[in-house]
>>> print(open('model33.txt').read())   # compact mmCIF, C-alpha atoms and all ligand atoms
# COMPACT_ATOMS: atom_id res chain seq x y z
CA MET A 27 -66.82 51.95 15.73
CA GLN A 28 -69.59 54.47 16.10
CA ASP A 29 -72.24 51.78 15.88
CA GLU A 30 -71.02 49.97 18.97
CA LYS A 31 -72.07 52.87 21.14
CA ARG A 32 -75.50 52.75 22.73
CA GLU A 33 -78.03 55.01 21.00
CA ILE A 34 -79.19 57.19 23.87
CA ARG A 35 -82.39 58.67 22.42
CA SER A 36 -83.94 55.20 22.63
CA LEU A 37 -83.74 55.16 26.43
CA LEU A 38 -86.72 56.03 28.60
CA PRO A 39 -86.03 58.60 31.35
CA GLU A 40 -86.03 55.90 34.04
CA GLU A 41 -83.48 53.88 32.06
CA LEU A 42 -81.34 56.93 31.49
CA GLU A 43 -81.30 57.63 35.22
CA ALA A 44 -80.33 54.01 35.90
CA ALA A 45 -77.55 54.20 33.30
CA LEU A 46 -76.15 57.31 34.97
CA ARG A 47 -76.32 55.66 38.37
CA GLU A 48 -74.33 52.75 36.95
CA MET A 49 -71.73 55.24 35.79
CA GLY A 50 -71.46 56.44 39.38
CA GLU A 51 -73.30 59.69 38.62
CA ALA A 52 -76.30 61.24 40.30
CA PRO A 53 -79.58 60.13 38.68
CA PHE A 54 -80.69 63.76 38.17
CA ARG A 55 -78.06 63.92 35.44
CA GLY A 56 -80.26 61.49 33.55
CA LYS A 57 -83.12 63.91 33.90
CA GLN A 58 -81.01 66.74 32.53
CA ILE A 59 -79.88 64.66 29.57
CA PHE A 60 -83.46 63.67 28.74
CA GLU A 61 -84.39 67.36 28.75
CA TRP A 62 -81.58 68.20 26.35
CA LEU A 63 -82.55 65.34 24.06
CA THR A 64 -86.17 66.50 24.05
CA LYS A 65 -85.01 70.00 23.12
CA GLY A 66 -83.23 68.57 20.09
CA ALA A 67 -79.60 68.24 21.24
CA ARG A 68 -77.46 66.59 18.57
CA ASP A 69 -74.25 66.33 20.58
CA PHE A 70 -73.21 66.01 24.23
CA SER A 71 -71.14 69.19 23.90
CA GLU A 72 -74.43 71.16 23.81
CA MET A 73 -75.39 69.93 27.30
CA THR A 74 -73.76 72.85 29.06
CA ASN A 75 -75.18 72.18 32.53
CA LEU A 76 -73.28 68.87 32.68
CA PRO A 77 -69.66 68.86 33.88
CA LEU A 78 -67.23 68.64 30.98
CA PRO A 79 -65.72 65.27 32.04
CA LEU A 80 -69.21 63.74 32.12
CA ARG A 81 -69.99 65.08 28.64
CA GLU A 82 -66.81 63.44 27.42
CA ARG A 83 -67.59 60.12 29.10
CA LEU A 84 -71.08 60.17 27.63
CA GLY A 85 -69.65 60.81 24.18
CA LYS A 86 -67.44 57.74 24.52
CA GLY A 87 -70.25 55.42 25.60
CA PHE A 88 -73.26 56.72 23.71
CA ARG A 89 -74.31 58.25 20.43
CA ILE A 90 -77.30 60.48 19.79
CA ALA A 91 -79.72 59.76 16.93
CA ALA A 92 -79.70 63.08 15.05
CA PRO A 93 -80.64 62.66 11.38
CA GLU A 94 -79.58 65.23 8.80
CA ILE A 95 -81.90 66.72 6.23
CA LEU A 96 -81.17 65.39 2.75
CA ARG A 97 -84.19 67.07 1.21
CA ARG A 98 -87.05 69.27 2.37
CA GLN A 99 -90.07 70.01 0.23
CA VAL A 100 -92.93 72.33 1.13
CA SER A 101 -96.28 72.02 -0.63
CA GLU A 102 -97.51 75.31 -2.03
CA ALA A 103 -101.03 73.99 -2.06
CA ASP A 104 -101.49 73.07 1.61
CA GLY A 105 -98.25 73.66 3.56
CA THR A 106 -97.41 69.96 3.90
CA VAL A 107 -93.69 69.58 4.60
CA LYS A 108 -91.84 66.47 3.51
CA TYR A 109 -88.39 65.43 4.71
CA LEU A 110 -85.86 62.96 3.50
CA TRP A 111 -83.53 62.20 6.42
CA ARG A 112 -80.04 60.79 6.33
CA LEU A 113 -79.46 58.38 9.23
CA SER A 114 -76.10 57.82 10.93
CA ASP A 115 -75.30 54.83 8.71
CA GLY A 116 -76.10 56.69 5.49
CA ASN A 117 -79.54 55.15 4.95
CA ALA A 118 -82.48 57.44 4.21
CA VAL A 119 -86.09 57.55 5.45
CA GLU A 120 -88.98 59.99 5.02
CA SER A 121 -91.34 61.87 7.27
CA VAL A 122 -94.20 64.23 6.41
CA VAL A 123 -95.76 67.04 8.46
CA MET A 124 -99.43 67.48 7.62
CA ARG A 125 -101.56 70.40 8.72
CA TYR A 126 -105.14 69.73 9.69
CA SER A 127 -107.68 72.01 11.29
CA TYR A 128 -107.72 69.77 14.39
CA GLY A 129 -103.94 69.68 14.76
CA ASN A 130 -100.69 68.99 12.98
CA THR A 131 -99.62 65.43 12.45
CA VAL A 132 -96.29 63.95 11.48
CA CYS A 133 -96.16 60.74 9.49
CA ILE A 134 -93.01 58.72 10.17
CA SER A 135 -91.20 55.68 8.81
CA SER A 136 -90.58 52.64 11.02
CA GLN A 137 -88.08 50.73 8.86
CA VAL A 138 -85.53 51.48 6.15
CA GLY A 139 -87.39 49.95 3.23
CA CYS A 140 -90.07 47.30 3.52
CA ARG A 141 -90.34 43.60 2.80
CA GLN A 142 -94.11 43.36 2.47
CA GLY A 143 -94.16 43.88 -1.29
CA CYS A 144 -97.66 45.38 -1.71
CA VAL A 145 -98.04 45.93 -5.46
CA PHE A 146 -99.43 49.46 -5.24
CA CYS A 147 -96.81 50.84 -2.83
CA ALA A 148 -93.79 52.96 -3.71
CA SER A 149 -91.76 51.61 -0.77
CA THR A 150 -91.74 48.12 -2.21
CA GLY A 151 -89.25 48.51 -5.04
CA LEU A 152 -86.15 49.13 -2.98
CA GLY A 153 -86.53 46.14 -0.67
CA PHE A 154 -85.86 45.94 3.05
CA ILE A 155 -82.66 47.14 4.72
CA ARG A 156 -83.18 47.35 8.49
CA ASN A 157 -85.41 48.29 11.39
CA LEU A 158 -85.28 51.79 12.87
CA SER A 159 -84.50 52.16 16.55
CA ALA A 160 -87.02 53.81 18.89
CA GLY A 161 -84.69 56.82 19.11
CA GLU A 162 -84.49 57.15 15.33
CA MET A 163 -88.29 57.19 15.11
CA LEU A 164 -88.49 59.72 17.92
CA ALA A 165 -85.90 61.85 16.11
CA GLU A 166 -88.10 61.89 12.99
CA VAL A 167 -90.95 63.40 15.03
CA LEU A 168 -88.75 65.80 16.96
CA PHE A 169 -86.67 67.18 14.11
CA SER A 170 -89.68 67.40 11.78
CA GLN A 171 -91.25 69.67 14.39
CA LEU A 172 -88.10 71.65 15.14
CA ASP A 173 -87.14 72.25 11.53
CA SER A 174 -90.63 73.03 10.21
CA GLY A 175 -91.53 75.19 13.21
CA ILE A 176 -94.95 73.50 13.11
CA PRO A 177 -96.02 72.28 16.56
CA VAL A 178 -96.93 68.61 16.25
CA THR A 179 -99.88 67.23 18.20
CA GLY A 180 -100.25 63.85 16.52
CA VAL A 181 -98.19 61.05 15.02
CA VAL A 182 -99.03 58.43 12.42
CA LEU A 183 -96.86 55.38 11.75
CA MET A 184 -97.75 55.26 8.07
CA GLY A 185 -94.47 56.04 6.36
CA ILE A 186 -91.99 53.51 5.03
CA GLY A 187 -91.99 50.09 6.69
CA GLU A 188 -94.26 47.71 8.56
CA PRO A 189 -94.36 48.90 12.19
CA LEU A 190 -95.57 45.62 13.68
CA GLU A 191 -92.59 43.82 12.18
CA ASN A 192 -90.43 46.12 14.28
CA TYR A 193 -92.62 45.48 17.33
CA TYR A 194 -90.16 45.97 20.18
CA GLU A 195 -88.69 49.26 18.98
CA VAL A 196 -92.10 50.63 17.94
CA LEU A 197 -93.54 49.95 21.41
CA ARG A 198 -90.55 51.65 22.98
CA PHE A 199 -91.00 54.60 20.60
CA LEU A 200 -94.66 54.91 21.62
CA LYS A 201 -93.69 55.11 25.29
CA LEU A 202 -91.03 57.69 24.52
CA VAL A 203 -93.12 60.01 22.35
CA ASN A 204 -95.99 59.77 24.83
CA HIS A 205 -93.82 60.47 27.88
CA PRO A 206 -95.01 63.50 29.91
CA ARG A 207 -91.44 64.73 30.28
CA GLY A 208 -90.76 64.16 26.59
CA MET A 209 -92.83 65.20 23.58
CA ASN A 210 -95.94 64.27 25.51
CA ILE A 211 -98.05 63.31 22.49
CA GLY A 212 -101.29 61.69 23.65
CA MET A 213 -101.87 58.06 22.68
CA ARG A 214 -105.25 59.04 21.28
CA HIS A 215 -103.40 61.24 18.81
CA ILE A 216 -101.26 58.37 17.54
CA SER A 217 -102.18 55.99 14.73
CA LEU A 218 -100.33 52.83 13.84
CA SER A 219 -100.91 51.32 10.42
CA THR A 220 -100.28 47.65 9.65
CA CYS A 221 -100.66 45.47 6.57
CA GLY A 222 -102.30 42.95 8.91
CA LEU A 223 -99.85 40.83 10.90
CA VAL A 224 -102.33 38.73 12.86
CA PRO A 225 -100.12 37.50 15.76
CA GLU A 226 -98.75 41.00 16.38
CA ILE A 227 -102.23 42.56 16.31
CA ARG A 228 -103.21 40.03 18.97
CA ARG A 229 -100.14 40.92 20.99
CA LEU A 230 -100.83 44.64 20.63
CA ALA A 231 -104.38 44.15 21.91
CA GLU A 232 -102.90 42.93 25.20
CA GLU A 233 -101.01 46.23 25.64
CA LYS A 234 -104.39 48.01 25.78
CA LEU A 235 -103.05 51.22 24.33
CA GLN A 236 -105.38 54.07 23.49
CA LEU A 237 -103.85 54.59 20.05
CA THR A 238 -105.78 54.07 16.82
CA LEU A 239 -104.95 50.89 14.96
CA SER A 240 -105.25 51.19 11.19
CA VAL A 241 -105.40 48.01 9.17
CA SER A 242 -104.59 48.12 5.46
CA LEU A 243 -107.37 45.99 4.05
CA HIS A 244 -107.61 47.08 0.39
CA ALA A 245 -109.83 44.13 -0.55
CA PRO A 246 -112.68 42.27 1.17
CA ASP A 247 -111.97 38.89 -0.47
CA ASP A 248 -108.89 36.67 -0.35
CA GLU A 249 -108.54 36.36 -4.10
CA THR A 250 -108.19 40.10 -4.68
CA ARG A 251 -106.23 40.77 -1.51
CA ARG A 252 -103.66 38.11 -2.41
CA LYS A 253 -103.06 39.83 -5.74
CA LEU A 254 -102.37 43.14 -4.01
CA MET A 255 -100.66 42.17 -0.78
CA PRO A 256 -98.38 39.13 -0.32
CA ILE A 257 -99.18 39.08 3.42
CA ALA A 258 -102.72 37.97 2.49
CA ARG A 259 -101.26 34.59 1.48
CA LYS A 260 -100.11 34.10 5.05
CA TYR A 261 -103.21 35.38 6.87
CA ASP A 262 -106.58 35.10 5.18
CA ILE A 263 -109.42 37.59 5.58
CA GLU A 264 -111.21 35.36 8.07
CA SER A 265 -108.28 35.25 10.51
CA LEU A 266 -107.55 38.95 10.03
CA ILE A 267 -111.15 39.97 10.65
CA GLY A 268 -111.39 37.63 13.63
CA CYS A 269 -108.39 39.21 15.30
CA CYS A 270 -109.67 42.72 14.50
CA ALA A 271 -113.01 41.92 16.13
CA ASP A 272 -111.13 40.66 19.20
CA TYR A 273 -108.94 43.77 19.19
CA PHE A 274 -112.03 45.96 19.41
CA ARG A 275 -113.51 43.84 22.19
CA LYS A 276 -110.31 44.01 24.22
CA THR A 277 -109.34 47.66 23.72
CA GLU A 278 -112.72 49.25 22.98
CA ARG A 279 -110.91 51.23 20.31
CA ARG A 280 -112.42 51.26 16.85
CA ILE A 281 -110.13 50.01 14.11
CA SER A 282 -109.74 52.18 11.04
CA PHE A 283 -109.52 50.10 7.87
CA GLU A 284 -107.61 51.58 4.97
CA TYR A 285 -108.82 50.92 1.47
CA ALA A 286 -107.05 52.37 -1.56
CA LEU A 287 -109.56 52.29 -4.37
CA ILE A 288 -108.23 50.79 -7.61
CA ARG A 289 -110.35 50.88 -10.72
CA GLY A 290 -111.57 47.47 -11.84
CA VAL A 291 -109.75 45.70 -9.00
CA ASN A 292 -111.47 46.38 -5.68
CA ASP A 293 -114.33 48.78 -6.55
CA THR A 294 -117.20 46.52 -7.63
CA PRO A 295 -120.68 46.60 -6.01
CA ARG A 296 -120.13 43.05 -4.73
CA GLN A 297 -116.92 44.09 -3.05
CA ALA A 298 -118.72 47.05 -1.47
CA GLU A 299 -121.22 44.61 0.04
CA ALA A 300 -118.53 42.25 1.33
CA LEU A 301 -116.70 45.23 2.79
CA ALA A 302 -119.85 46.40 4.58
CA GLY A 303 -120.11 42.95 6.18
CA ILE A 304 -116.53 43.14 7.45
CA LEU A 305 -117.07 46.57 8.94
CA ARG A 306 -120.20 45.46 10.72
CA ARG A 307 -118.42 42.48 12.24
CA THR A 308 -115.45 44.48 13.45
CA HIS A 309 -117.28 47.72 14.36
CA GLY A 310 -114.64 49.40 12.24
CA HIS A 311 -114.40 52.64 10.38
CA LEU A 312 -113.44 52.79 6.69
CA ASN A 313 -110.83 55.20 5.45
CA LEU A 314 -111.14 55.32 1.69
CA ILE A 315 -107.92 56.47 0.05
CA PRO A 316 -107.79 57.70 -3.51
CA LEU A 317 -104.93 55.57 -4.90
CA ASN A 318 -101.73 57.53 -5.32
CA ARG A 319 -100.28 56.71 -8.68
CA VAL A 320 -96.78 55.30 -8.53
CA GLU A 321 -94.49 55.75 -11.52
CA GLY A 322 -94.39 52.67 -13.70
CA SER A 323 -97.49 51.09 -12.10
CA PRO A 324 -100.49 50.25 -14.31
CA LEU A 325 -102.98 50.68 -11.43
CA ILE A 326 -105.53 53.49 -11.82
CA PRO A 327 -107.52 55.17 -9.01
CA GLY A 328 -111.20 54.23 -8.72
CA ASP A 329 -114.05 56.69 -8.15
CA ALA A 330 -113.79 57.13 -4.38
CA ARG A 331 -116.80 59.44 -4.10
CA LYS A 332 -119.09 57.01 -5.86
CA PHE A 333 -117.80 54.01 -3.88
CA ALA A 334 -118.21 55.95 -0.61
CA GLU A 335 -121.83 56.74 -1.51
CA ARG A 336 -122.53 53.07 -2.14
CA LEU A 337 -120.97 52.17 1.22
CA LYS A 338 -122.96 54.81 3.06
CA GLU A 339 -126.15 53.32 1.63
CA LEU A 340 -125.00 50.02 3.12
CA GLY A 341 -124.65 51.69 6.50
CA VAL A 342 -120.85 51.89 6.59
CA ASN A 343 -119.02 54.50 8.60
CA VAL A 344 -116.74 55.87 5.84
CA THR A 345 -114.54 58.89 5.17
CA VAL A 346 -112.57 59.73 2.04
CA ARG A 347 -109.03 60.72 2.88
CA ARG A 348 -108.00 64.19 1.79
CA ARG A 349 -104.95 64.28 -0.39
CA LEU A 350 -102.24 66.48 1.04
CA GLY A 351 -98.93 67.36 -0.52
CA ALA A 352 -99.77 65.90 -3.92
CA ASP A 353 -97.41 68.42 -5.55
CA ILE A 354 -94.40 67.25 -3.52
CA ASP A 355 -94.55 63.44 -3.79
CA ALA A 356 -95.76 63.36 -0.21
CA ALA A 357 -97.23 59.87 -0.48
CA CYS A 358 -95.74 56.65 0.71
CA GLY A 359 -92.07 56.21 -0.09
CA GLN A 360 -92.12 58.36 -3.19
CA LEU A 361 -89.32 60.73 -2.21
CA ARG A 362 -86.87 58.04 -1.14
CA ARG A 363 -87.67 56.18 -4.32
CA LYS A 364 -86.88 59.25 -6.43
CA GLU A 365 -83.64 59.88 -4.62
CA ALA A 366 -82.50 56.30 -5.18
CA THR A 367 -83.13 56.23 -8.93
N1 LIG A 401 -96.87 48.94 6.40
C1 LIG A 401 -97.97 49.66 6.96
C2 LIG A 401 -97.77 51.16 7.01
C3 LIG A 401 -97.19 51.86 5.81
S1 LIG A 401 -98.20 52.19 4.43
C4 LIG A 401 -99.24 49.30 6.28
O1 LIG A 401 -99.19 48.51 5.33
O2 LIG A 401 -100.29 49.74 6.70
C5 LIG A 401 -99.44 53.33 4.93
C6 LIG A 401 -100.73 53.20 4.14
O3 LIG A 401 -100.58 53.69 2.79
C7 LIG A 401 -101.18 51.75 4.00
O4 LIG A 401 -102.57 51.66 4.17
C8 LIG A 401 -100.81 51.45 2.57
O5 LIG A 401 -101.53 50.35 2.10
C9 LIG A 401 -101.13 52.76 1.89
N2 LIG A 401 -100.55 52.93 0.56
C10 LIG A 401 -99.37 52.49 0.10
N3 LIG A 401 -99.21 52.83 -1.20
C11 LIG A 401 -100.30 53.50 -1.56
C12 LIG A 401 -100.72 54.13 -2.77
N4 LIG A 401 -99.96 54.11 -3.87
N5 LIG A 401 -101.91 54.75 -2.78
C13 LIG A 401 -102.70 54.77 -1.67
N6 LIG A 401 -102.35 54.21 -0.50
C14 LIG A 401 -101.18 53.57 -0.44
>>> encode(input="model33.txt", output="structure tokens", more="lines below")
Ligand code: SAH
Amino acid sequence: MQDEKREIRSLLPEELEAALREMGEAPFRGKQIFEWLTKGARDFSEMTNLPLPLRERLGKGFRIAAPEILRRQVSEADGTVKYLWRLSDGNAVESVVMRYSYGNTVCISSQVGCRQGCVFCASTGLGFIRNLSAGEMLAEVLFSQLDSGIPVTGVVLMGIGEPLENYYEVLRFLKLVNHPRGMNIGMRHISLSTCGLVPEIRRLAEEKLQLTLSVSLHAPDDETRRKLMPIARKYDIESLIGCCADYFRKTERRISFEYALIRGVNDTPRQAEALAGILRRTHGHLNLIPLNRVEGSPLIPGDARKFAERLKELGVNVTVRRRLGADIDAACGQLRRKEAT
């Protein structure tokens, strides 16, 4: 029964006001509700400036996305906080709060599970269950901030799931989290990471958002990329790079390419050269990630420092990603995976 109710955290303030008007209420009630939701209300009974009958009517027509904490882990090394959330239907997703000198960022999941099947990724094993709603994604950001007490200034869509496969809800989430009356997180402080869905990248370019698009490249040649990422069998490097170059032209936002270095697989001098060519064509930036080892996987991290040096000599704009929360399984689907086994 519960699932037939509309999930109210997914509504933009304007939509909330319209919904209240439809109920024969004054639109300012919508404003009040949005404020309560932004403060972290989990139930209509908390909204004490609304008349009791209205609270009851709202409870009958709507539900509020308010995940419960299944597990919280705090890194002793760097203060990274990792959450495993229980959603209203019993499914679980992860979020991670990371502390950087330039601001605190929360990494959220966009789907329960993932169907992309990248061989190096911990989210792959459990398969795909469903998309998250915009309100569920917003709740990850909000409750990560409220529970940790760490003020969040940035968001990355790099947790479990492929955000561009959940295009409609992700776009709605971006509008919500960016809303001046809501969490008000600036688009320039938001990154969206994709395995490289070419049509959706083209569609996103048309939205002309100021967010940072991250593209998981992981190999500069089709042969290697197809071994690592099934999506590479659908879209080859040429079409991916072409759409990335267009994305930069249209949005004037530099794409950040992610590259997890795997010894003997994607770390050869020839691959460094091919990679440099791709970055020149797309005006992109390379984010070199030391591979996080996943239990049961034979893949071994490559020497990121050495590879970065080689790339710099080739004129590539490259940074090596810092590892945060290594002591708490903070990377990519690892906590959910542990909980499920
Ligand atoms: N589906 C999206 C976002 C989720 S993954 C995407 O593919 O981009 C976020 C990033 O972590 C991606 O770049 C992904 O390739 C990378 N990643 C996944 N498993 C990893 C691992 N074991 N080590 C290093 N990076 C990994």
>>> residues_around(input="model33.txt", residues="stretch 297-310 of chain A", least_positions_apart="3", cutoff="7 Å", atoms="all atoms listed in the file", output="tab-separated table (two decimals) with C-alpha atoms, keeping the file's coordinate frame")
chain	number	residue	atom	x	y	z
A	246	PRO	CA	-112.68	42.27	1.17
A	267	ILE	CA	-111.15	39.97	10.65
A	270	CYS	CA	-109.67	42.72	14.50
A	271	ALA	CA	-113.01	41.92	16.13
A	280	ARG	CA	-112.42	51.26	16.85
A	281	ILE	CA	-110.13	50.01	14.11
A	282	SER	CA	-109.74	52.18	11.04
A	283	PHE	CA	-109.52	50.10	7.87
A	292	ASN	CA	-111.47	46.38	-5.68
A	293	ASP	CA	-114.33	48.78	-6.55
A	294	THR	CA	-117.20	46.52	-7.63
A	337	LEU	CA	-120.97	52.17	1.22
A	340	LEU	CA	-125.00	50.02	3.12
A	342	VAL	CA	-120.85	51.89	6.59
>>> residues_near_ligand(input="model33.txt", ligand="ligand LIG 401 (chain A)", cutoff="8 Å", atoms="all atoms listed in the file", output="PyMOL selection string")
chain A and resi 135+140+142+144+146-149+183-189+218-222+240-244+284-287+315-320+357-359
>>> closest_residue(input="model33.txt", among="A:Val119, A:Ile176, A:Ile216, A:Val132", to="A:Ile155", atoms="all atoms listed in the file")
A:Val119
>>> residues_around(input="model33.txt", residues="stretch 180-182 of chain A", least_positions_apart="6", cutoff="12 Å", atoms="only C-alpha atoms", output="PyMOL selection string")
chain A and resi 121-126+128-136+163-164+166-168+170-171+189+196+199-200+203-204+209-220+237-240
>>> closest_residue(input="model33.txt", among="A:Ser36, A:Asn313, A:Thr106, A:Ser174", to="A:Leu202", atoms="only C-alpha atoms")
A:Ser36
>>> axis_aligned_box(input="model33.txt", around="stretch 245-263 of chain A", padding_each_side="5 Å", output="JSON")
{"center_x": -105.5, "center_y": 39.1, "center_z": 0.6, "size_x": 24.3, "size_y": 20.0, "size_z": 22.6}
>>> atom_distance(input="model33.txt", atom1="atom CA of A:Arg89", atom2="atom CA of A:Glu33")
5.0 Å
>>> residues_around(input="model33.txt", residues="A:Asn343", least_positions_apart="5", cutoff="7 Å", atoms="all atoms listed in the file", output="ChimeraX atom specification")
/A:311-312,338
>>> closest_residue(input="model33.txt", among="A:Lys57, A:Asp353, A:Pro295, A:Cys269", to="A:Val100", atoms="only C-alpha atoms")
A:Asp353
>>> closest_residue(input="model33.txt", among="A:Arg228, A:Arg279, A:Lys260, A:Arg98", to="A:Ile354", atoms="only C-alpha atoms")
A:Arg98
>>> atom_distance(input="model33.txt", atom1="atom CA of A:Trp111", atom2="atom CA of A:Gly175")
16.7 Å
>>> residues_near_point(input="model33.txt", point="(-86.6, 44.1, 0.9)", cutoff="6 Å", atoms="all atoms listed in the file", output="list of chain:residue names")
A:Cys140, A:Arg141, A:Gly153, A:Phe154
>>> write_last_selection(input="model33.txt", atoms="C-alpha atoms", output="PDB file, in the coordinates of the input")
ATOM      1  CA  CYS A 140     -90.070  47.300   3.520  1.00  0.00           C
ATOM      2  CA  ARG A 141     -90.340  43.600   2.800  1.00  0.00           C
ATOM      3  CA  GLY A 153     -86.530  46.140  -0.670  1.00  0.00           C
ATOM      4  CA  PHE A 154     -85.860  45.940   3.050  1.00  0.00           C
TER       5      PHE A 154
END
>>> residues_around(input="model33.txt", residues="A:Glu249", least_positions_apart="3", cutoff="12 Å", atoms="all atoms listed in the file", output="ChimeraX atom specification")
/A:244-246,252-256,258-259,262-263,291-292,297
>>> atom_distance(input="model33.txt", atom1="atom CA of A:Tyr261", atom2="atom CA of A:Glu226")
11.9 Å
>>> residues_near_point(input="model33.txt", point="(-110.1, 62.2, 6.1)", cutoff="9 Å", atoms="all atoms listed in the file", output="PyMOL selection string")
chain A and resi 313-315+345-349
>>> residues_around(input="model33.txt", residues="A:Leu235", least_positions_apart="3", cutoff="8 Å", atoms="all atoms listed in the file", output="list in words")
Met213, Leu230, Ala231 and Thr277 of chain A
>>> write_last_selection(input="model33.txt", atoms="C-alpha atoms", output="short mmCIF file (atom, residue, chain, number, x, y, z; two decimals), in the frame of the given file")
data_model
loop_
_atom_site.label_atom_id
_atom_site.label_comp_id
_atom_site.auth_asym_id
_atom_site.auth_seq_id
_atom_site.Cartn_x
_atom_site.Cartn_y
_atom_site.Cartn_z
CA MET A 213 -101.87 58.06 22.68
CA LEU A 230 -100.83 44.64 20.63
CA ALA A 231 -104.38 44.15 21.91
CA THR A 277 -109.34 47.66 23.72
#
>>> closest_residue(input="model33.txt", among="A:Ala91, A:Leu190, A:Leu84, A:Val107", to="A:Gln137", atoms="all atoms listed in the file")
A:Leu190
>>> decode(input="model33.txt", residues="stretch 109-136 of chain A", atoms="C-alpha atoms", output="PDB file, in the first residue's frame")
ATOM      1  CA  TYR A 109      26.737   5.002   5.357  1.00  0.00           C
ATOM      2  CA  LEU A 110      24.699   2.022   4.379  1.00  0.00           C
ATOM      3  CA  TRP A 111      21.076   3.165   4.110  1.00  0.00           C
ATOM      4  CA  ARG A 112      17.948   1.081   4.273  1.00  0.00           C
ATOM      5  CA  LEU A 113      15.317   2.365   1.827  1.00  0.00           C
ATOM      6  CA  SER A 114      11.560   2.131   2.382  1.00  0.00           C
ATOM      7  CA  ASP A 115      11.320  -1.126   0.411  1.00  0.00           C
ATOM      8  CA  GLY A 116      14.152  -2.783   2.342  1.00  0.00           C
ATOM      9  CA  ASN A 117      16.823  -2.298  -0.333  1.00  0.00           C
ATOM     10  CA  ALA A 118      20.177  -0.829   0.663  1.00  0.00           C
ATOM     11  CA  VAL A 119      22.459   1.796  -0.914  1.00  0.00           C
ATOM     12  CA  GLU A 120      25.649   3.552   0.182  1.00  0.00           C
ATOM     13  CA  SER A 121      26.845   7.108   0.516  1.00  0.00           C
ATOM     14  CA  VAL A 122      30.218   8.480   1.635  1.00  0.00           C
ATOM     15  CA  VAL A 123      31.106  11.854   3.160  1.00  0.00           C
ATOM     16  CA  MET A 124      34.631  12.892   2.223  1.00  0.00           C
ATOM     17  CA  ARG A 125      36.523  15.775   3.788  1.00  0.00           C
ATOM     18  CA  TYR A 126      38.718  17.879   1.569  1.00  0.00           C
ATOM     19  CA  SER A 127      40.506  21.117   2.302  1.00  0.00           C
ATOM     20  CA  TYR A 128      38.319  22.894  -0.279  1.00  0.00           C
ATOM     21  CA  GLY A 129      35.046  21.547   1.097  1.00  0.00           C
ATOM     22  CA  ASN A 130      33.189  18.425   2.115  1.00  0.00           C
ATOM     23  CA  THR A 131      31.689  16.247  -0.556  1.00  0.00           C
ATOM     24  CA  VAL A 132      29.139  13.477  -0.367  1.00  0.00           C
ATOM     25  CA  CYS A 133      29.260  10.624  -2.840  1.00  0.00           C
ATOM     26  CA  ILE A 134      25.840   9.106  -3.498  1.00  0.00           C
ATOM     27  CA  SER A 135      24.321   6.114  -5.257  1.00  0.00           C
ATOM     28  CA  SER A 136      21.859   6.582  -8.130  1.00  0.00           C
TER      29      SER A 136
END
